[in-house]
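Working notes, beginning with the structure itself.
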Amino acid sequence: MEKGFHIPVMVEEVMKYLITRDDGIYVDGTIGGGGHSEEILKRTKAKVIGFDIDPEAVKFASERLKSFGDRILILNRNYATLKESLSEIGVEKITGFLLDLGVSSFQLDHGGGFSFRLDDKLDMRMDRSSELTAEHILNNYSEKEIADIIFKFGEEPRAKMIAKEIVRYRKRKKIETTGELVKIVDKVASKKYRLKVLARVFQSLRIAVNRELDNLKIALDSVVDVLEKGGRIVVISYHSLEDRIVKMFFKSNEKRCICPPDVFECRCGKVEVIKILTKKPVAPSEKEISLNPRARSAKLRAGEKMVEFA
Ligand SMILES: C[S@@+](CC[C@H](N)C(=O)[O-])C[C@H]1O[C@@H](n2cnc3c(N)ncnc32)[C@H](O)[C@@H]1O
């Protein structure tokens, strides 16, 4: 297995916001190549529980981190199952929760159809056991459904035109490869904006196939229940749709009612459930971007849980 699986992004910033104590249990919801987890394990005496839906990532990170023995546990699971998974393994509270969203460099560079720069099968599943693929969407969804995906998850203004072209093409031949999708998009996009449009179309399909925004919302909603008081949530996002969800989650928990459901009128007066630690998202330094261009769109947001129960 190769060494360059993935270069972790904003390692110092992640450690600064995530680590609050030397012991405890940190959850890395997107362990990938294990770069962030390794730093937590090196800098603390804490345990780390890692999640990843990609078995290749689980295999790679398990091998990389095996010297930490029983301080590391890696689950081949969706981070959206956070609460159930922790309860299954008997963990009630965690000290910190990290999400480094999106795909790893390994996934981008090794097939799977994530990149428009490689001619590959149009798959895009991070979890190969799930059923929905990009090929299925492109060949079976209606023109309107495809346009909605490209518009909603890619924020691409030419979504309708691209969907029309996709449907026109598939009437003659099933769309099977990323190369074919690139050709279809090229019919609509001007040379000047081609890379932007391709990036948006591919992003939109990847988000739809992996239900990325739903997973993020589910995980953020459930983490509040399992995080200890003083524990931190750190999320690195790579596009505005993810960042908006993270921002809204923090905002809606800044002052929230935590009265029991059977109480008629709010008595808590809305308490600060999460204190926002990053008023503005933190971005990587110019130096980091020059060393790792894939870090360029990263935005980090962090918050601290202020109450025992929420
Ligand atoms: C950007 S990489 C993480 C890199 C990692 N921080 C490191 O240091 O190597 C994102 C990882 O999250 C995984 N992933 C994406 N969605 C997931 C989900 N819903 N549940 C679990 N893992 C997920 C991907 O398979 C990928 O390996």
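By order in the structure tokens, chains are A, B, ...; within a chain, residues start at 1; ligands start at 1, following the order shown.
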
Using only C-alpha atoms and all ligand atoms, which protein or nucleic acid residues are at most 6 Å from ligand 1, as a VMD selection string? chain A and resid 6 8 29 to 36 51 to 54 57 77 to 80 100 to 104 126 215

Would you please give, as an MDAnalysis selection string, all residues of range 188-251 of chain A that DSSP assigns to alpha helix (DSSP H) based on the backbone? chainID A and resid 188 194:210 212:226 240:251

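The gap separating CA of Val182 in chain A from CA of Ala199 in chain A is 10.2 Å, in Å to one decimal.
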
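Counting only C-alpha atoms and comparing A:Met248, A:Val273, A:Met10, A:Ile236, the residue that lies closest to Phe309 in chain A is A:Val273.
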
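Among the candidates A:Ala310, A:Ile233, A:Ala163, A:Leu122, the one nearest to Ser142 in chain A when counting only C-alpha atoms is A:Ala163.
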
Fewer than 2 positions away in the same chain doesn't count, so skip those; otherwise give me all residues within 8 Å of Lys83 in chain A, counting only C-alpha atoms, as a PyMOL selection string. chain A and resi 80-81+85-87+222-223+226

Within 9 Å of range 151-155 of chain A, counting only C-alpha atoms, which residues qualify if same-chain residues fewer than 3 places away don't, as number ranges by chain? A: 146-148, 158-160, 197, 199-208, 213, 241

For the residues in the current selection, export C-alpha atoms as an mmCIF file, in the first residue's frame.
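And here's part-v2.cif as it stands now:
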```cif
data_model
loop_
_atom_site.group_PDB
_atom_site.id
_atom_site.type_symbol
_atom_site.label_atom_id
_atom_site.label_comp_id
_atom_site.auth_asym_id
_atom_site.auth_seq_id
_atom_site.Cartn_x
_atom_site.Cartn_y
_atom_site.Cartn_z
ATOM 1 C CA ILE A 146 -30.826 15.306 -12.761
ATOM 2 C CA ALA A 147 -31.111 19.077 -13.232
ATOM 3 C CA ASP A 148 -32.158 19.436 -9.577
ATOM 4 C CA ARG A 158 -26.373 25.637 -16.450
ATOM 5 C CA ALA A 159 -27.916 22.612 -14.669
ATOM 6 C CA LYS A 160 -31.000 22.412 -16.939
ATOM 7 C CA VAL A 197 -18.535 23.391 -14.516
ATOM 8 C CA ALA A 199 -16.001 20.245 -10.898
ATOM 9 C CA ARG A 200 -19.546 21.287 -9.986
ATOM 10 C CA VAL A 201 -21.220 18.492 -11.965
ATOM 11 C CA PHE A 202 -18.937 15.834 -10.481
ATOM 12 C CA GLN A 203 -19.365 17.267 -6.982
ATOM 13 C CA SER A 204 -23.145 17.246 -7.314
ATOM 14 C CA LEU A 205 -23.253 13.582 -8.333
ATOM 15 C CA ARG A 206 -20.841 12.577 -5.569
ATOM 16 C CA ILE A 207 -22.959 14.361 -2.957
ATOM 17 C CA ALA A 208 -26.127 12.683 -4.255
ATOM 18 C CA LEU A 213 -25.343 16.456 3.255
ATOM 19 C CA LEU A 241 -23.038 23.635 0.958
#
```

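Note that the spacing between CA of His239 in chain A and CA of Lys299 in chain A amounts to 8.3 Å.
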
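With distances restricted to only C-alpha atoms, A:Val9 is the closest residue to Lys287 in chain A from A:Leu18, A:Lys192, A:Arg128, A:Val9.
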
Å distance separating CA of Ser37 in chain A from CA of Met124 in chain A, one decimal place: 25.0 Å
